[in-house]
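*Asks:* Sharing a structure here in structure tokens format.
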Amino acid sequence: MKKILFATAMFVFSFQTIAFCQTDGEALKPVLAKLGSLLTDHIVEKAYLHFDRPYPYYVAGEVVYFKAYVTMGERHEPSTISSLLHVDLIDKNDAVMQSITLQLTSGTGWGDFSLPENLQKGSYRIRAYTEWMRNDSNPYFFDQYISVSTTNSVDRITDNTAQADRASLQFFPEGGTLVSDVRSKVAFKALGTTGLGINVKGVVIDNENKEVAKIASGARGMGVIDFIPETGMTYKAKVTFGDGTQSTVNLPVADAKGIALVVNTDDPAKVSIEVRANRAYYKENMNKALSLVIYWGGAIRTVNTKLDNQVLGIDLPTSTFRTGILQVTLFSGTGEPMNERLAFIQTNDLLNLTLNTNKPLFTKREGVKLSLSAKNKDGNAVNGSFSVSVIDESKILVDENAENSILSYLLLTSDLKGYIEKPNYYFANVTKDTRADLDALMLTQGYRRFAWKELLRNSTTATTHTPEKSVNISGTLKTKAGAPIVNCKVDLLSTAGGPTVSGVTDAEGKFSFPAVFETGMSFIIKTQSSEGKKAVLTLDTPPAGPMITPGNSFDSKYNANADILASLQSNQRNGVVTASNGSGRTAVLLNREGVTTRKSSDNYRSSNIGGAGHADQVISGDAIKDAPTLSSGLNGLARGVQFISGVASLINGKTISAGSQSQENMLLVVDGAEIGQGANIDQYNPGSIETVEILKGPNAAIYGIEGGQGVIVLTSRQGGQKTEVLSKEMSPGIFSIQPKGFYKAREFYAPAYNGQPASSLPDTRTTIFWKPDVNTDADGNATLNFFNADGTGNYRVVVEGMDTKGNLGRQVFRYKVE
């Protein structure tokens, strides 16, 4: 008979600061202190990007739009820790192609990447992170692959994904241990040769060939069997996989003397937890102390008891939890973790988002009025920040289960180890079956937030990366002899106007100005002392970005659905209205002649948006690292390039106008960011450069008009110091600088037909509408207006977002166009 520890346990949660229940478990105090320190001293930040379309497929020439949601803590509240988010576009050689910094307001911001028209077909990655995230040993960087196709039929993608020789089957006893004579759940996961889940059927038999359980997988090759392993018996599974192959797999050997932890979430109203000891373990450990540590959402609850029954149980009402991962750990009386179980709680606490259009049926190019209503679980209107995308679903049907949504990412996949297939399956339409499949997933995946043994063994990790609140303009003033200039007044002026900001150098000659400015703005630094007028100014460099680790092999595989979009948009070259070529900002557009073939010498890191192998000349950084300046090091090495006062130009790069000639300067690109034509390359330290690429003609055309007179691409050494930005001295004590600031996102373009066709050309937009800055009013409402394209059939609307308290919401809505 089971002994009930508590008929019902009510939790009072405290977030960010940990409140413990009264306990006599002295051995547990160091355990709880370690966890409390982790949760209070190392508050987690997560970033999630909502893209303008639900599937990660794009065509070269399009713009990838996204909104960033950055949360803090276990309740996913809008982050107040960081004010900057770094977003990188990474190529298949793991080099940063483009990098932008977003300014975060209440944990949100938005941006975009323009994909060049002649970008090579393949898989690319978008990574997002804050500097604060880098303190974690397993940082919560957002990482999303996108498949980019082209209208160039020559491009081909070879699938080099490694495959296993045959399907496999793994078993995972609940709580980590299979115990003799105790009814036990054992999860299983079948993987095909591709490494993805595969269906499996079969039986479990003992060593006397007696059947004890049947195996039948549910979603993604996972499932659970339930049986009582007998003392002295061993077990194996005889199964047939979905590909027709067969296998015999041994189950883990049951402990002759042991204790098991069981968590049941079948009833949506409660979580049932049981501790089950077999007779041998119970006789040896009767009345010894045990403790349960129940962790969820930044809160801890302990239950201390003694083993005075073979089965101990407790029921917890799910109304005391919010949707998310629950971790239950059984500790011995000496504070050693013995068993652990992850479970997922799904309650009705998500935001209730409602979408409606002004009519049920529309025509092509007709105006649409979309209404959004946001309420919390109690039915009260909420102020929230949301993003809305509308796509023409007739182009490609959306696999709703495979989507990466704000719910699946922030609540589930970001906290689990390993690859999760079709993560939105567990949230799109919650049923008894999806709940059972989700429980099987929790039994087979590892938890990435912390592991008890590692947490108890290691001391608290030092904080080496501080939160970024602004883009600081900072540096050092020294004499030509290298001595710091102390107590020197320094003025910072924007060339665009505005007030002058003043500061004073410290004992090391350092100064710093926190600033909010966009990339491309120029500033003047002026020293206000006789000693300062003889100063040498060195600007501080931004911290080096984190190393780019290899991505998941499943996500990195190119998805041929992107080719469908390319074929549908093949007539864009003739001026069709698209989301990428109608914005007010310069788009990168090329003719077919601008597409270059891949060169054989491409085994180097490149931040060229065309990728490695698309340069007329590549110069190793080792050849110039000891040069006094970058231009002096490249002079004579860079073929056909001349340098005048640090500004590069092609020797034959002259423009004839009105009978006179003028020299046109080359475009400078640093780590994927376009610095500008005529930028001084001597701003950068030769020792921090890994490669220099010289682009001319067709190879430079990928940068559009700005690259017409050639391009120099500098790529920084990976994992080391980023390309160092130096200053340009205009006159004694006066310096001109152009630091990298916040990125200003482009406006999404969509035509406003107003009942009249704006053009006789077809409107083949895939993304019909994108709005990242949707904020509900005091009544929880927002209204959006846009126009349909030429596609007929279902148009799919997705809204995602959160309120000020961290409550998350997502809704999908469809309307029809004839």
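Every chain in the structure tokens takes a letter, A first, then B, and so on in the order presented; its residues are numbered from 1, and the ligands are numbered from 1 following the presented order.
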Contacts of region 265-275 of chain A at 10 Å or less, counting only C-alpha atoms, minus same-chain residues fewer than 4 places along, as a PyMOL selection string?
*Replies:* chain A and resi 2-5+8+259-261+290+292+307+309-321+326+328+330+339+341+343-347+432+435-436+439
*Asks:* Could you pull out all residues of region 2-146 of chain A with a DSSP call of strand (DSSP E) and give them as a ChimeraX atom specification?
*Replies:* /A:2-6,45-51,57-59,63-72,77-78,84-90,96-103,108-114,122-129,142-146
*Asks:* For a quick check of understanding, using only C-alpha atoms, which of A:Ser553, A:Thr151, A:Ala612, A:Asp349 has the smallest distance to Thr194 (chain A)?
*Replies:*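 So, comparing all the options, the nearest one is A:Ser553.
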*Asks:* Given only C-alpha atoms as the basis, pick out the residue of A:Ile294, A:Val182, A:Met730, A:Met233 nearest to Tyr282 (chain A).
*Replies:*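 Answer, going by the shortest atom-to-atom distance: A:Val182.
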*Asks:* Enter the distance from CA of Pro550 (chain A) to CA of Tyr684 (chain A), in Å, rounded to one decimal.
*Replies:* 28.4 Å
*Asks:* Skip region 667-671 of chain A itself and residues of its chain fewer than 6 positions away, then list as a PDB file with all heavy atoms, in the first residue's frame all residues within 7 Å of it, counting only C-alpha atoms.
*Replies:*
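Once everything was written out, this is selection-v7.pdb:
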```pdb
ATOM      1  N   VAL A  96      31.176  34.444 -40.582  1.00  0.00           N
ATOM      2  CA  VAL A  96      30.117  35.448 -40.477  1.00  0.00           C
ATOM      3  C   VAL A  96      30.063  36.249 -41.777  1.00  0.00           C
ATOM      4  O   VAL A  96      31.041  36.878 -42.170  1.00  0.00           O
ATOM      5  CB  VAL A  96      30.365  36.379 -39.280  1.00  0.00           C
ATOM      6  CG1 VAL A  96      29.331  37.503 -39.258  1.00  0.00           C
ATOM      7  CG2 VAL A  96      30.300  35.592 -37.974  1.00  0.00           C
ATOM      8  N   MET A  97      28.914  36.226 -42.444  1.00  0.00           N
ATOM      9  CA  MET A  97      28.718  36.992 -43.670  1.00  0.00           C
ATOM     10  C   MET A  97      28.252  38.411 -43.364  1.00  0.00           C
ATOM     11  O   MET A  97      28.714  39.374 -43.961  1.00  0.00           O
ATOM     12  CB  MET A  97      27.682  36.304 -44.559  1.00  0.00           C
ATOM     13  CG  MET A  97      28.084  34.945 -45.072  1.00  0.00           C
ATOM     14  SD  MET A  97      26.688  34.125 -45.879  1.00  0.00           S
ATOM     15  CE  MET A  97      26.217  35.344 -47.090  1.00  0.00           C
ATOM     16  N   GLN A  98      27.297  38.515 -42.466  1.00  0.00           N
ATOM     17  CA  GLN A  98      26.776  39.809 -42.054  1.00  0.00           C
ATOM     18  C   GLN A  98      26.546  39.748 -40.547  1.00  0.00           C
ATOM     19  O   GLN A  98      26.193  38.701 -40.002  1.00  0.00           O
ATOM     20  CB  GLN A  98      25.459  40.139 -42.766  1.00  0.00           C
ATOM     21  CG  GLN A  98      25.547  40.216 -44.274  1.00  0.00           C
ATOM     22  CD  GLN A  98      24.190  40.520 -44.909  1.00  0.00           C
ATOM     23  OE1 GLN A  98      23.451  41.393 -44.452  1.00  0.00           O
ATOM     24  NE2 GLN A  98      23.857  39.807 -45.972  1.00  0.00           N
ATOM     25  N   SER A 607      34.161  36.427 -44.991  1.00  0.00           N
ATOM     26  CA  SER A 607      32.917  37.131 -44.659  1.00  0.00           C
ATOM     27  C   SER A 607      32.328  37.790 -45.896  1.00  0.00           C
ATOM     28  O   SER A 607      31.425  38.614 -45.798  1.00  0.00           O
ATOM     29  CB  SER A 607      33.166  38.166 -43.553  1.00  0.00           C
ATOM     30  OG  SER A 607      34.178  39.078 -43.925  1.00  0.00           O
ATOM     31  N   GLN A 677      32.316  53.218 -49.206  1.00  0.00           N
ATOM     32  CA  GLN A 677      33.304  53.512 -50.233  1.00  0.00           C
ATOM     33  C   GLN A 677      34.264  54.581 -49.714  1.00  0.00           C
ATOM     34  O   GLN A 677      33.852  55.553 -49.082  1.00  0.00           O
ATOM     35  CB  GLN A 677      32.616  54.017 -51.506  1.00  0.00           C
ATOM     36  CG  GLN A 677      31.904  52.938 -52.307  1.00  0.00           C
ATOM     37  CD  GLN A 677      31.248  53.504 -53.544  1.00  0.00           C
ATOM     38  OE1 GLN A 677      30.144  54.027 -53.474  1.00  0.00           O
ATOM     39  NE2 GLN A 677      31.948  53.401 -54.669  1.00  0.00           N
ATOM     40  N   GLY A 678      35.534  54.394 -50.001  1.00  0.00           N
ATOM     41  CA  GLY A 678      36.529  55.374 -49.593  1.00  0.00           C
ATOM     42  C   GLY A 678      36.893  55.324 -48.134  1.00  0.00           C
ATOM     43  O   GLY A 678      37.554  56.238 -47.629  1.00  0.00           O
ATOM     44  N   ALA A 679      36.473  54.267 -47.416  1.00  0.00           N
ATOM     45  CA  ALA A 679      36.834  54.152 -46.003  1.00  0.00           C
ATOM     46  C   ALA A 679      38.330  53.863 -45.873  1.00  0.00           C
ATOM     47  O   ALA A 679      38.924  53.163 -46.698  1.00  0.00           O
ATOM     48  CB  ALA A 679      36.017  53.050 -45.336  1.00  0.00           C
ATOM     49  N   GLU A 706      27.336  49.962 -54.969  1.00  0.00           N
ATOM     50  CA  GLU A 706      28.447  50.358 -54.104  1.00  0.00           C
ATOM     51  C   GLU A 706      29.726  49.586 -54.428  1.00  0.00           C
ATOM     52  O   GLU A 706      30.827  50.041 -54.148  1.00  0.00           O
ATOM     53  CB  GLU A 706      28.072  50.155 -52.626  1.00  0.00           C
ATOM     54  CG  GLU A 706      27.011  51.118 -52.114  1.00  0.00           C
ATOM     55  CD  GLU A 706      25.588  50.635 -52.416  1.00  0.00           C
ATOM     56  OE1 GLU A 706      25.460  49.638 -53.153  1.00  0.00           O
ATOM     57  OE2 GLU A 706      24.635  51.268 -51.933  1.00  0.00           O
ATOM     58  N   GLY A 707      29.583  48.389 -54.985  1.00  0.00           N
ATOM     59  CA  GLY A 707      30.750  47.586 -55.314  1.00  0.00           C
ATOM     60  C   GLY A 707      31.223  47.741 -56.739  1.00  0.00           C
ATOM     61  O   GLY A 707      32.101  46.986 -57.187  1.00  0.00           O
ATOM     62  N   GLY A 710      34.974  47.961 -57.283  1.00  0.00           N
ATOM     63  CA  GLY A 710      35.750  46.975 -56.549  1.00  0.00           C
ATOM     64  C   GLY A 710      35.454  46.969 -55.057  1.00  0.00           C
ATOM     65  O   GLY A 710      34.920  47.941 -54.509  1.00  0.00           O
ATOM     66  N   VAL A 711      35.784  45.857 -54.418  1.00  0.00           N
ATOM     67  CA  VAL A 711      35.499  45.668 -52.992  1.00  0.00           C
ATOM     68  C   VAL A 711      36.714  45.037 -52.316  1.00  0.00           C
ATOM     69  O   VAL A 711      37.352  44.137 -52.884  1.00  0.00           O
ATOM     70  CB  VAL A 711      34.272  44.754 -52.781  1.00  0.00           C
ATOM     71  CG1 VAL A 711      33.950  44.612 -51.297  1.00  0.00           C
ATOM     72  CG2 VAL A 711      33.068  45.276 -53.551  1.00  0.00           C
ATOM     73  N   ILE A 712      37.034  45.513 -51.138  1.00  0.00           N
ATOM     74  CA  ILE A 712      38.014  44.862 -50.270  1.00  0.00           C
ATOM     75  C   ILE A 712      37.256  44.283 -49.074  1.00  0.00           C
ATOM     76  O   ILE A 712      36.541  45.020 -48.379  1.00  0.00           O
ATOM     77  CB  ILE A 712      39.102  45.828 -49.787  1.00  0.00           C
ATOM     78  CG1 ILE A 712      39.998  46.254 -50.950  1.00  0.00           C
ATOM     79  CG2 ILE A 712      39.955  45.181 -48.701  1.00  0.00           C
ATOM     80  CD1 ILE A 712      41.160  47.128 -50.535  1.00  0.00           C
ATOM     81  N   VAL A 713      37.385  42.958 -48.860  1.00  0.00           N
ATOM     82  CA  VAL A 713      36.693  42.279 -47.757  1.00  0.00           C
ATOM     83  C   VAL A 713      37.730  41.845 -46.732  1.00  0.00           C
ATOM     84  O   VAL A 713      38.654  41.078 -47.050  1.00  0.00           O
ATOM     85  CB  VAL A 713      35.903  41.054 -48.265  1.00  0.00           C
ATOM     86  CG1 VAL A 713      35.220  40.349 -47.090  1.00  0.00           C
ATOM     87  CG2 VAL A 713      34.882  41.472 -49.310  1.00  0.00           C
ATOM     88  N   LEU A 714      37.588  42.349 -45.501  1.00  0.00           N
ATOM     89  CA  LEU A 714      38.469  41.965 -44.396  1.00  0.00           C
ATOM     90  C   LEU A 714      37.714  41.000 -43.483  1.00  0.00           C
ATOM     91  O   LEU A 714      36.579  41.278 -43.082  1.00  0.00           O
ATOM     92  CB  LEU A 714      38.902  43.190 -43.577  1.00  0.00           C
ATOM     93  CG  LEU A 714      39.553  44.349 -44.337  1.00  0.00           C
ATOM     94  CD1 LEU A 714      39.949  45.446 -43.355  1.00  0.00           C
ATOM     95  CD2 LEU A 714      40.752  43.881 -45.138  1.00  0.00           C
ATOM     96  N   THR A 715      38.327  39.879 -43.158  1.00  0.00           N
ATOM     97  CA  THR A 715      37.747  38.909 -42.235  1.00  0.00           C
ATOM     98  C   THR A 715      38.667  38.755 -41.040  1.00  0.00           C
ATOM     99  O   THR A 715      39.864  38.477 -41.194  1.00  0.00           O
ATOM    100  CB  THR A 715      37.546  37.539 -42.922  1.00  0.00           C
ATOM    101  OG1 THR A 715      36.690  37.715 -44.053  1.00  0.00           O
ATOM    102  CG2 THR A 715      36.910  36.539 -41.958  1.00  0.00           C
ATOM    103  N   SER A 716      38.118  38.961 -39.842  1.00  0.00           N
ATOM    104  CA  SER A 716      38.921  38.919 -38.614  1.00  0.00           C
ATOM    105  C   SER A 716      39.322  37.499 -38.264  1.00  0.00           C
ATOM    106  O   SER A 716      38.675  36.535 -38.657  1.00  0.00           O
ATOM    107  CB  SER A 716      38.136  39.504 -37.439  1.00  0.00           C
ATOM    108  OG  SER A 716      37.783  40.831 -37.690  1.00  0.00           O
TER     109      SER A 716
END
```
*Asks:* Looking only at helix (DSSP H, G or I) from DSSP on the backbone, list the matching residues of region 338-473 of chain A as an MDAnalysis selection string.
*Replies:* chainID A and resid 400:402 406:411 413:415 425:428 432:444 452:457
*Asks:* I want to know what sits within 8 Å of Lys257 (chain A), based on only C-alpha atoms, with residues of the same chain fewer than 5 positions away left out; could you give that as a ChimeraX atom specification?
*Replies:* /A:179-180,278-281
*Asks:* Tell me which of A:Pro229, A:Gly636, A:Gly733, A:Gly176 sits closest to Gln528 (chain A), counting only C-alpha atoms.
*Replies:*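 Among the listed residues, the smallest separation from Gln528 (chain A) belongs to A:Gly733.
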*Asks:* Neighbouring residues of Ile644 (chain A) were defined as those with any atom within 10 Å, considering only C-alpha atoms; residues of the same chain fewer than 6 positions away were excluded. Please report them as a list in words.
*Replies:* Ser631, Asn665 and Asn680 of chain A
*Asks:* For those residues, write N, CA and C atoms to a file as a CSV table (one decimal), in the first residue's frame.
*Replies:*
```csv
chain,number,residue,atom,x,y,z
A,631,SER,N,47.5,49.3,-45.2
A,631,SER,CA,47.7,49.7,-46.6
A,631,SER,C,49.2,49.5,-47.0
A,665,ASN,N,36.7,55.2,-55.5
A,665,ASN,CA,37.3,54.4,-54.4
A,665,ASN,C,36.5,53.1,-54.3
A,680,ASN,N,38.9,54.4,-44.8
A,680,ASN,CA,40.3,54.3,-44.6
A,680,ASN,C,40.6,52.9,-44.0
```
*Asks:* Excluding Phe227 (chain A) and residues on its chain fewer than 6 positions from it, collect all residues at most 9 Å away from it, counting only C-alpha atoms, and give them as a VMD selection string.
*Replies:* chain A and resid 182 to 186 212 to 213
*Asks:* Next, the residues of the selection above should be written as a short mmCIF file (atom, residue, chain, number, x, y, z; two decimals), in the first residue's frame with N, CA and C atoms.
*Replies:*
```cif
data_model
loop_
_atom_site.label_atom_id
_atom_site.label_comp_id
_atom_site.auth_asym_id
_atom_site.auth_seq_id
_atom_site.Cartn_x
_atom_site.Cartn_y
_atom_site.Cartn_z
N VAL A 182 9.73 -4.09 -9.13
CA VAL A 182 9.05 -2.80 -9.03
C VAL A 182 8.50 -2.46 -10.41
N ARG A 183 7.20 -2.16 -10.47
CA ARG A 183 6.62 -1.80 -11.77
C ARG A 183 7.34 -0.54 -12.28
N SER A 184 7.81 -0.65 -13.52
CA SER A 184 8.66 0.40 -14.06
C SER A 184 8.23 0.79 -15.45
N LYS A 185 8.41 2.09 -15.74
CA LYS A 185 8.25 2.59 -17.10
C LYS A 185 9.62 2.68 -17.75
N VAL A 186 9.69 2.22 -18.98
CA VAL A 186 10.93 2.31 -19.75
C VAL A 186 10.59 2.96 -21.09
N VAL A 212 6.75 -10.20 -22.12
CA VAL A 212 6.34 -9.42 -20.95
C VAL A 212 5.75 -8.07 -21.34
N ALA A 213 5.99 -7.59 -22.56
CA ALA A 213 5.46 -6.29 -22.99
C ALA A 213 5.51 -6.19 -24.51
#
```
